[in-house]
Every structure is written in structure tokens, then in C-alpha cells.
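Printed here is start.pdb (PDB, C-alpha atoms):
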ATOM      1  CA  GLU A 184      81.196  77.008   7.138  1.00  0.00           C
ATOM      2  CA  ARG A 185      77.803  78.651   6.530  1.00  0.00           C
ATOM      3  CA  LEU A 186      79.137  82.073   7.526  1.00  0.00           C
ATOM      4  CA  LEU A 187      81.954  81.880   4.983  1.00  0.00           C
ATOM      5  CA  ASN A 188      79.415  81.701   2.156  1.00  0.00           C
ATOM      6  CA  LEU A 189      77.488  84.825   3.213  1.00  0.00           C
ATOM      7  CA  SER A 190      77.969  88.219   1.577  1.00  0.00           C
ATOM      8  CA  LEU A 191      78.927  91.277   3.640  1.00  0.00           C
ATOM      9  CA  PRO A 192      75.311  92.593   3.695  1.00  0.00           C
ATOM     10  CA  GLU A 193      74.076  89.159   4.816  1.00  0.00           C
ATOM     11  CA  LEU A 194      76.716  89.022   7.560  1.00  0.00           C
ATOM     12  CA  GLN A 195      75.811  92.550   8.645  1.00  0.00           C
ATOM     13  CA  MET A 196      72.132  91.570   8.870  1.00  0.00           C
ATOM     14  CA  GLU A 197      72.973  88.474  10.886  1.00  0.00           C
ATOM     15  CA  TRP A 198      75.167  90.589  13.183  1.00  0.00           C
ATOM     16  CA  ARG A 199      72.395  93.142  13.794  1.00  0.00           C
ATOM     17  CA  GLN A 200      69.981  90.319  14.604  1.00  0.00           C
ATOM     18  CA  SER A 201      72.490  88.619  16.911  1.00  0.00           C
ATOM     19  CA  CYS A 202      74.025  91.519  18.778  1.00  0.00           C
ATOM     20  CA  ALA A 203      73.372  95.155  19.578  1.00  0.00           C
ATOM     21  CA  CYS A 204      77.106  95.896  19.572  1.00  0.00           C
ATOM     22  CA  GLU A 205      78.764  98.143  17.078  1.00  0.00           C
ATOM     23  CA  GLU A 206      79.718  96.695  13.710  1.00  0.00           C
ATOM     24  CA  PRO A 207      83.395  96.581  12.795  1.00  0.00           C
ATOM     25  CA  GLN A 208      84.401  99.795  11.033  1.00  0.00           C
ATOM     26  CA  GLY A 209      87.113 100.527   8.538  1.00  0.00           C
ATOM     27  CA  GLY A 210      89.207  98.135   6.562  1.00  0.00           C
ATOM     28  CA  ASP A 211      88.363  96.689   3.200  1.00  0.00           C
ATOM     29  CA  LEU A 212      85.459  94.405   2.376  1.00  0.00           C
ATOM     30  CA  VAL A 213      87.379  91.200   3.077  1.00  0.00           C
ATOM     31  CA  GLU A 214      88.632  92.474   6.433  1.00  0.00           C
ATOM     32  CA  ARG A 215      85.150  93.551   7.547  1.00  0.00           C
ATOM     33  CA  LYS A 216      83.708  90.170   6.493  1.00  0.00           C
ATOM     34  CA  ASP A 217      86.437  88.350   8.425  1.00  0.00           C
ATOM     35  CA  GLN A 218      85.785  90.451  11.531  1.00  0.00           C
ATOM     36  CA  LEU A 219      82.040  89.798  11.386  1.00  0.00           C
ATOM     37  CA  ILE A 220      82.599  86.071  10.924  1.00  0.00           C
ATOM     38  CA  GLU A 221      84.953  85.965  13.926  1.00  0.00           C
ATOM     39  CA  ARG A 222      82.493  87.912  16.059  1.00  0.00           C
ATOM     40  CA  LEU A 223      79.560  85.704  15.080  1.00  0.00           C
ATOM     41  CA  LYS A 224      81.642  82.609  15.871  1.00  0.00           C
ATOM     42  CA  GLN A 225      82.540  84.049  19.279  1.00  0.00           C
ATOM     43  CA  LEU A 226      78.881  84.780  20.011  1.00  0.00           C
ATOM     44  CA  ALA A 227      78.030  81.170  19.121  1.00  0.00           C
ATOM     45  CA  ILE A 228      80.739  79.925  21.490  1.00  0.00           C
ATOM     46  CA  TRP A 229      79.482  82.095  24.353  1.00  0.00           C
ATOM     47  CA  ARG A 230      75.908  80.963  23.734  1.00  0.00           C
ATOM     48  CA  ALA A 231      77.004  77.324  23.899  1.00  0.00           C
ATOM     49  CA  LEU A 232      78.808  77.707  27.243  1.00  0.00           C
ATOM     50  CA  PRO A 233      77.191  76.612  30.510  1.00  0.00           C
ATOM     51  CA  THR A 234      75.884  79.494  32.622  1.00  0.00           C
ATOM     52  CA  SER A 235      78.590  78.981  35.257  1.00  0.00           C
ATOM     53  CA  GLU A 236      81.302  79.400  32.608  1.00  0.00           C
ATOM     54  CA  LEU A 237      79.627  82.554  31.270  1.00  0.00           C
ATOM     55  CA  GLN A 238      79.557  83.937  34.806  1.00  0.00           C
ATOM     56  CA  ASP A 239      83.265  83.132  35.225  1.00  0.00           C
ATOM     57  CA  GLN A 240      84.133  84.858  31.958  1.00  0.00           C
ATOM     58  CA  CYS A 241      82.096  87.911  32.962  1.00  0.00           C
ATOM     59  CA  ARG A 242      83.919  88.065  36.304  1.00  0.00           C
ATOM     60  CA  CYS A 243      87.277  87.921  34.497  1.00  0.00           C
ATOM     61  CA  THR A 244      86.641  90.281  31.589  1.00  0.00           C
ATOM     62  CA  ALA A 245      83.573  92.376  32.337  1.00  0.00           C
ATOM     63  CA  ALA A 246      82.988  92.442  36.097  1.00  0.00           C
ATOM     64  CA  ASP A 247      82.043  96.140  36.264  1.00  0.00           C
ATOM     65  CA  LEU A 248      79.637  95.920  33.336  1.00  0.00           C
ATOM     66  CA  ALA A 249      78.042  92.737  34.702  1.00  0.00           C
ATOM     67  CA  ALA A 250      77.626  94.319  38.138  1.00  0.00           C
ATOM     68  CA  LEU A 251      76.061  97.435  36.614  1.00  0.00           C
ATOM     69  CA  GLY A 252      73.686  95.321  34.522  1.00  0.00           C
ATOM     70  CA  ALA A 253      72.631  93.283  37.561  1.00  0.00           C
ATOM     71  CA  LYS A 254      72.122  96.437  39.611  1.00  0.00           C
ATOM     72  CA  ARG A 255      69.956  98.019  36.915  1.00  0.00           C
ATOM     73  CA  ALA A 256      67.949  94.824  36.486  1.00  0.00           C
ATOM     74  CA  GLY A 257      67.603  94.374  40.245  1.00  0.00           C
ATOM     75  CA  ARG A 258      68.495  90.686  39.909  1.00  0.00           C
ATOM     76  CA  ALA A 259      71.180  88.312  38.714  1.00  0.00           C
ATOM     77  CA  LEU A 260      71.721  88.459  34.967  1.00  0.00           C
ATOM     78  CA  GLU A 261      70.255  85.721  32.798  1.00  0.00           C
ATOM     79  CA  ARG A 262      72.226  83.745  30.171  1.00  0.00           C
ATOM     80  CA  ASP A 263      71.421  86.036  27.244  1.00  0.00           C
ATOM     81  CA  GLU A 264      72.314  89.063  29.353  1.00  0.00           C
ATOM     82  CA  LEU A 265      75.660  87.507  30.311  1.00  0.00           C
ATOM     83  CA  VAL A 266      76.421  86.972  26.620  1.00  0.00           C
ATOM     84  CA  GLU A 267      75.422  90.582  25.970  1.00  0.00           C
ATOM     85  CA  VAL A 268      77.785  91.772  28.740  1.00  0.00           C
ATOM     86  CA  LEU A 269      80.676  89.867  27.191  1.00  0.00           C
ATOM     87  CA  ALA A 270      79.856  91.207  23.722  1.00  0.00           C
ATOM     88  CA  VAL A 271      79.617  94.836  24.858  1.00  0.00           C
ATOM     89  CA  ALA A 272      82.808  94.521  26.908  1.00  0.00           C
ATOM     90  CA  THR A 273      84.598  93.009  23.919  1.00  0.00           C
ATOM     91  CA  TRP A 274      83.270  95.078  21.000  1.00  0.00           C
ATOM     92  CA  GLY A 275      81.701  98.200  22.511  1.00  0.00           C
ATOM     93  CA  GLY A 276      78.234  99.623  22.273  1.00  0.00           C
ATOM     94  CA  LEU A 277      75.406  99.816  24.772  1.00  0.00           C
ATOM     95  CA  MET A 278      73.668  97.105  26.706  1.00  0.00           C
ATOM     96  CA  ARG A 279      70.064  96.629  25.562  1.00  0.00           C
ATOM     97  CA  SER A 280      68.871  98.032  28.886  1.00  0.00           C
ATOM     98  CA  GLU A 281      71.065 101.134  28.499  1.00  0.00           C
ATOM     99  CA  ALA A 282      69.824 101.769  24.975  1.00  0.00           C
ATOM    100  CA  LEU A 283      66.258 101.260  26.155  1.00  0.00           C
ATOM    101  CA  GLN A 284      66.726 103.703  29.032  1.00  0.00           C
ATOM    102  CA  ASP A 285      68.177 106.299  26.651  1.00  0.00           C
ATOM    103  CA  GLU A 286      65.283 105.843  24.231  1.00  0.00           C
ATOM    104  CA  CYS A 287      62.717 106.049  27.034  1.00  0.00           C
ATOM    105  CA  ALA A 288      64.330 109.196  28.441  1.00  0.00           C
ATOM    106  CA  ALA A 289      64.130 110.808  24.999  1.00  0.00           C
ATOM    107  CA  LYS A 290      60.397 109.964  24.843  1.00  0.00           C
ATOM    108  CA  GLY A 291      59.634 111.048  28.421  1.00  0.00           C
ATOM    109  CA  ILE A 292      58.916 107.519  29.669  1.00  0.00           C
ATOM    110  CA  PRO A 293      59.835 107.152  33.383  1.00  0.00           C
ATOM    111  CA  VAL A 294      61.784 103.859  33.418  1.00  0.00           C
ATOM    112  CA  ASP A 295      62.583 104.139  37.136  1.00  0.00           C
ATOM    113  CA  GLN A 296      58.891 104.252  38.022  1.00  0.00           C
ATOM    114  CA  LEU A 297      57.702 101.632  35.531  1.00  0.00           C
ATOM    115  CA  GLY A 298      60.523  99.123  35.404  1.00  0.00           C
ATOM    116  CA  LEU A 299      62.381  98.036  32.287  1.00  0.00           C
ATOM    117  CA  GLU A 300      59.821  95.563  30.913  1.00  0.00           C
ATOM    118  CA  GLU A 301      56.832  97.874  31.314  1.00  0.00           C
ATOM    119  CA  ALA A 302      58.821 100.809  29.888  1.00  0.00           C
ATOM    120  CA  GLU A 303      59.760  98.683  26.872  1.00  0.00           C
ATOM    121  CA  ARG A 304      56.112  97.736  26.357  1.00  0.00           C
ATOM    122  CA  LEU A 305      55.072 101.393  26.588  1.00  0.00           C
ATOM    123  CA  LEU A 306      57.825 102.457  24.189  1.00  0.00           C
ATOM    124  CA  SER A 307      56.629  99.869  21.682  1.00  0.00           C
ATOM    125  CA  ALA A 308      53.017 101.020  22.045  1.00  0.00           C
ATOM    126  CA  GLN A 309      54.086 104.629  21.577  1.00  0.00           C
ATOM    127  CA  ALA A 310      56.011 103.713  18.418  1.00  0.00           C
ATOM    128  CA  SER A 311      52.897 101.973  17.060  1.00  0.00           C
ATOM    129  CA  LEU A 312      50.797 105.062  17.746  1.00  0.00           C
ATOM    130  CA  GLU A 313      53.346 107.312  16.048  1.00  0.00           C
ATOM    131  CA  LYS A 314      53.053 105.240  12.865  1.00  0.00           C
ATOM    132  CA  MET A 315      49.253 105.560  12.695  1.00  0.00           C
ATOM    133  CA  THR A 316      47.388 107.878  10.368  1.00  0.00           C
ATOM    134  CA  LEU A 317      45.117 110.557  11.813  1.00  0.00           C
ATOM    135  CA  GLU A 318      42.039 108.461  11.065  1.00  0.00           C
ATOM    136  CA  ASP A 319      43.623 105.392  12.692  1.00  0.00           C
ATOM    137  CA  LEU A 320      44.385 107.491  15.773  1.00  0.00           C
ATOM    138  CA  ARG A 321      40.785 108.714  15.965  1.00  0.00           C
ATOM    139  CA  GLN A 322      39.565 105.131  15.691  1.00  0.00           C
ATOM    140  CA  GLU A 323      42.002 104.059  18.439  1.00  0.00           C
ATOM    141  CA  CYS A 324      40.715 106.894  20.660  1.00  0.00           C
ATOM    142  CA  ARG A 325      37.131 105.675  20.163  1.00  0.00           C
ATOM    143  CA  LYS A 326      38.213 102.117  20.922  1.00  0.00           C
ATOM    144  CA  GLN A 327      39.950 103.254  24.125  1.00  0.00           C
ATOM    145  CA  ARG A 328      36.948 105.492  24.961  1.00  0.00           C
ATOM    146  CA  VAL A 329      39.083 108.592  24.904  1.00  0.00           C
ATOM    147  CA  ALA A 330      37.609 111.613  23.176  1.00  0.00           C
ATOM    148  CA  PRO A 331      39.845 112.802  20.330  1.00  0.00           C
ATOM    149  CA  ARG A 332      40.234 116.506  19.759  1.00  0.00           C
ATOM    150  CA  PRO A 333      37.681 117.934  17.340  1.00  0.00           C
ATOM    151  CA  LYS A 334      38.766 118.472  13.710  1.00  0.00           C
TER     152      LYS A 334
END
Just dump the structure as C-alpha cells.
Amino acid sequence: ERLLNLSLPELQMEWRQSCACEEPQGGDLVERKDQLIERLKQLAIWRALPTSELQDQCRCTAADLAALGAKRAGRALERDELVEVLAVATWGGLMRSEALQDECAAKGIPVDQLGLEEAERLLSAQASLEKMTLEDLRQECRKQRVAPRPK
């Protein structure tokens, strides 16, 4: 009911916050809204399922993707990761871990040596540094006791 009252931009924002999958493309405004509403409803259903049911659905519809995700994580996938597997298998896009690995590779961060969580932390720290002004960077260098280059 709530979703039906949202505008397309509001639905798109909710979708981006809920899922890293691709947004529906093409079609008119009404069709795109309907697709987003259906996808958001499906996500809600998956999130409400017991873990065993999510695992069963992954085995039936996304076994290869689930196996790859578990292999990359080095452990069994958690609930939110199982939902992500189903979403990516259904609507396309990259798993969060795949997108993170791509982003880390582009920034020269060795995910294989650090692990996914530490690489994500480092990527976030690097993004924060990139947003700083020159003076903020100098101050951060002093704080970290690293000598900045002379002016």
C-alpha cells in the first residue's frame, strides 16, 4: 500500500537503498513504477523468509552464484547475502562483494591479502582522504605523525 503512493524518484531511492541490482530500464513511467514496486515487494518477501527457505530458493534458482559468493567469503552466506544472491540472479547486477573487489582493484587495494572487510574499511578511509582539502590532509599527516611533503 505504502509503495503505491510513492513517486518514481522515491521508488528509485528506496530501490537503491534496498538493493545493489540494476534498476528496471525502458518502458514508460507507469511501467517502471510497477516494476520497482514488484521488485521491492519481492525483496520484502525474501527478507521475511526463514533462512532455510532462502537457502532452498538459492539452491533452486541461483546455486552457482551462491556457491561463488560463499567461496569468495570463505564461509556460508548470511541471510542478507542470500537475499542479495536471489536479487542478483533475478534482476542482474553485481554482488556487493564483486563490486567492492572491482572498486578495490581500481584503487590498488589488495583484497586477497586484506580480506573483504578490511579492504572495505581501507576503501572508505581512502575515499575520506580524497575528499579532504590540502590543509586538512596536512593536518591529518601531523595527527598520524607522518611528515607531509613541503609546500
*asked:* Neighbouring residues of range 201-211 of chain A were defined as those with any atom within 9 Å, considering all atoms listed in the file; residues of the same chain fewer than 5 positions away were excluded. Please report them as a list in words.
replied: Gln195, Met196, Lys216, Gln218, Leu219, Leu223, Leu226, Glu267, Ala270, Val271, Trp274, Gly275, Gly276, Leu277, Met278 and Arg279 of chain A
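Picked out by the PyMOL selection byres ((chain A and resi 265) around 9) when it runs on this file: A:Trp229, A:Thr234, A:Leu237, A:Gln238, A:Cys241, A:Ala249, A:Leu260, A:Glu261, A:Arg262, A:Asp263, A:Glu264, A:Val266, A:Glu267, A:Val268, A:Leu269, A:Ala270.
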*Between CA of Gln225 in chain A and CA of Ala272 in chain A, what is the distance, to one decimal in Å?*
13.0 Å
Report as a CSV table (one decimal) with C-alpha atoms, in the coordinates of the input all protein, DNA and RNA residues lying within 7 Å of range 303-316 of chain A, evaluated on only C-alpha atoms, omitting residues in the same chain fewer than 4 positions from it.
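Just written: selection_1.csv:
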chain,number,residue,atom,x,y,z
A,287,CYS,CA,62.7,106.0,27.0
A,299,LEU,CA,62.4,98.0,32.3
A,320,LEU,CA,44.4,107.5,15.8
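Computed from the coordinates, the CA of Ser280 in chain A to CA of Arg230 in chain A distance equals 19.2 Å.
Picture a line from CA of Gln240 in chain A to CA of Glu300 in chain A; it runs 26.6 Å.
Here the question is which of A:Leu232, A:Leu283, A:Ala289, A:Leu187 gets nearest to Arg255 in chain A using all atoms listed in the file, and that residue is A:Leu283.
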With 8 Å added on each side, what axis-aligned box encloses every listed atom of range 277-285 of chain A? Give the centre and edge lengths in Å to one decimal, as lines of an AutoDock Vina configuration file.
center_x = 70.8
center_y = 101.5
center_z = 26.9
size_x = 25.1
size_y = 25.7
size_z = 20.3
